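*Asks:* My structure file query-v3.csv, CSV, C-alpha atoms, is below:
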```
chain,number,residue,atom,x,y,z
A,212,MET,CA,6.4,-15.1,-7.7
A,213,CYS,CA,8.2,-11.8,-7.6
A,214,ILE,CA,9.4,-11.6,-11.2
A,215,ASN,CA,8.2,-8.9,-13.5
A,216,LYS,CA,8.4,-9.6,-17.3
A,217,LYS,CA,9.8,-6.1,-18.0
A,218,VAL,CA,12.6,-6.6,-15.5
A,219,VAL,CA,13.4,-10.0,-16.9
A,220,ALA,CA,13.5,-8.5,-20.4
A,221,GLY,CA,15.8,-5.8,-19.2
A,222,LEU,CA,18.1,-8.3,-17.5
A,223,VAL,CA,18.2,-10.4,-20.6
A,224,VAL,CA,19.2,-7.4,-22.7
A,225,ALA,CA,21.9,-6.6,-20.1
A,226,ALA,CA,23.2,-10.2,-20.1
A,227,VAL,CA,23.3,-10.2,-23.9
A,228,ALA,CA,25.2,-6.8,-23.9
A,229,VAL,CA,27.7,-8.1,-21.4
A,230,TYR,CA,28.1,-11.3,-23.4
A,231,LEU,CA,28.7,-9.3,-26.6
A,232,LEU,CA,30.9,-6.6,-25.1
A,233,ALA,CA,32.9,-8.5,-22.5
A,234,PRO,CA,32.5,-12.3,-22.9
A,235,ASN,CA,35.0,-13.0,-20.2
A,236,ALA,CA,32.9,-11.1,-17.6
A,237,PHE,CA,29.7,-12.9,-18.5
A,238,GLY,CA,30.3,-15.7,-16.0
A,239,PRO,CA,30.8,-13.5,-13.0
A,240,VAL,CA,28.0,-11.1,-14.0
A,241,LEU,CA,25.3,-13.7,-14.7
A,242,PRO,CA,24.7,-14.6,-10.9
A,243,VAL,CA,24.5,-10.8,-10.1
A,244,LEU,CA,21.9,-10.3,-12.8
A,245,ILE,CA,19.9,-13.3,-11.5
A,246,PHE,CA,20.1,-12.0,-8.0
A,247,LEU,CA,18.9,-8.6,-9.0
A,248,ALA,CA,15.8,-9.9,-10.8
A,249,CYS,CA,13.6,-10.1,-7.6
A,250,PRO,CA,14.5,-6.8,-6.0
A,251,LEU,CA,14.2,-4.9,-9.3
A,252,SER,CA,10.9,-6.5,-10.0
A,253,MET,CA,9.5,-5.5,-6.6
A,254,LEU,CA,10.7,-1.9,-7.1
A,255,LEU,CA,9.1,-1.7,-10.5
A,256,MET,CA,5.8,-3.2,-9.3
A,257,MET,CA,5.7,-0.8,-6.3
A,258,ARG,CA,6.3,2.1,-8.7
A,259,MET,CA,3.6,0.9,-11.1
A,260,MET,CA,1.1,0.4,-8.2
A,261,SER,CA,1.7,3.9,-6.8
A,262,ARG,CA,1.1,5.4,-10.2
A,263,SER,CA,-2.1,3.5,-10.9
A,264,GLY,CA,-3.4,4.3,-7.4
A,265,ASN,CA,-2.9,8.0,-7.9
A,266,ALA,CA,-3.9,8.3,-11.5
A,267,GLY,CA,-7.7,8.0,-11.2
A,268,THR,CA,-8.4,9.8,-8.0
A,269,ASP,CA,-9.6,13.3,-7.6
A,270,THR,CA,-8.2,14.7,-4.4
A,271,THR,CA,-10.6,17.5,-4.0
A,272,SER,CA,-13.8,15.4,-4.0
A,273,SER,CA,-12.0,12.7,-2.2
A,274,SER,CA,-11.0,15.0,0.7
A,275,ALA,CA,-14.5,16.5,0.9
A,276,GLN,CA,-16.0,13.0,1.0
A,277,SER,CA,-13.5,12.1,3.7
A,278,ASP,CA,-14.3,15.2,5.7
A,279,ASP,CA,-18.0,14.4,5.5
A,280,GLU,CA,-17.4,10.8,6.5
A,281,LEU,CA,-15.2,11.9,9.4
A,282,ALA,CA,-17.9,14.3,10.7
A,283,GLN,CA,-20.5,11.5,10.6
A,284,LEU,CA,-18.2,9.1,12.4
A,285,ARG,CA,-17.5,11.7,15.1
A,286,ALA,CA,-21.2,12.4,15.6
A,287,GLU,CA,-21.8,8.6,15.9
A,288,VAL,CA,-19.0,8.3,18.5
A,289,ASP,CA,-20.5,11.2,20.5
A,290,GLU,CA,-24.0,9.5,20.4
A,291,LEU,CA,-22.5,6.2,21.5
A,292,ARG,CA,-20.6,7.8,24.4
A,293,ALA,CA,-23.7,9.7,25.5
A,294,ALA,CA,-25.7,6.4,25.4
A,295,GLU,CA,-22.9,4.6,27.3
A,296,ASN,CA,-22.8,7.4,30.0
A,297,SER,CA,-26.5,7.3,30.5
A,298,SER,CA,-26.6,3.5,30.8
A,299,ALA,CA,-23.7,3.6,33.2
A,300,SER,CA,-25.3,6.2,35.4
A,301,ALA,CA,-28.6,4.3,35.4
A,302,ALA,CA,-26.8,1.1,36.4
A,303,SER,CA,-25.0,2.9,39.3
A,304,GLU,CA,-28.2,4.2,40.9
A,305,PRO,CA,-29.7,2.2,43.7
A,306,PRO,CA,-32.6,0.0,42.6
A,307,HIS,CA,-35.3,2.0,44.5
A,308,GLN,CA,-34.5,5.1,42.5
A,309,ARG,CA,-34.9,3.6,39.0
```
Can I see the file as structure tokens?

*Replies:*
Amino acid sequence: MCINKKVVAGLVVAAVAVYLLAPNAFGPVLPVLIFLACPLSMLLMMRMMSRSGNAGTDTTSSSAQSDDELAQLRAEVDELRAAENSSASAASEPPHQR
């Protein structure tokens, strides 16, 4: 379900405020508050996730580790291409030259 408890609490506070300050507007405002529950919950959850994802990471060690991993992967790709090229050239030679 896409409902966040903090958003529901905020919407309840807003509904109570509307009910106390403008009781005649409570009827038309209530469907709008219910409609806003899901989108506001999603925005709040995305914001909380982006904060928690960035809070514990150290970018300098992370980028150095990423650079090392990238260099290893490139070396592995080069080795695989060399092996593929050598096997392709061996397969294209006539059988008497193998």

*Asks:* From the options A:Ser252, A:Ala299, A:Asn235, A:Ala275, which residue's atoms come nearest to Leu222 (chain A), counting all atoms listed in the file?

*Replies:*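 Among the listed residues, A:Ser252 lies closest to Leu222 (chain A).
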
*Asks:* Please compute the CA of Leu251 (chain A)-CA of Pro234 (chain A) distance, one decimal, in Å.

*Replies:*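 These two atoms are separated by 24.0 Å.
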
*Asks:* Within 12 Å of (14.7, -10.1, -13.8) (file coordinates; all atoms listed in the file), which protein or nucleic acid residues are there? I'd like them as a PyMOL selection string.

*Replies:* chain A and resi 212-226+241-255

*Asks:* Just the number, please: distance in Å from CA of Gly264 (chain A) to CA of Ser277 (chain A), one decimal.

*Replies:* 16.9 Å

*Asks:* Enter the distance from CA of Ser298 (chain A) to CA of Ala282 (chain A), in Å, rounded to one decimal.

*Replies:*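 Value for the CA of Ser298 (chain A)-CA of Ala282 (chain A) distance: 24.4 Å.
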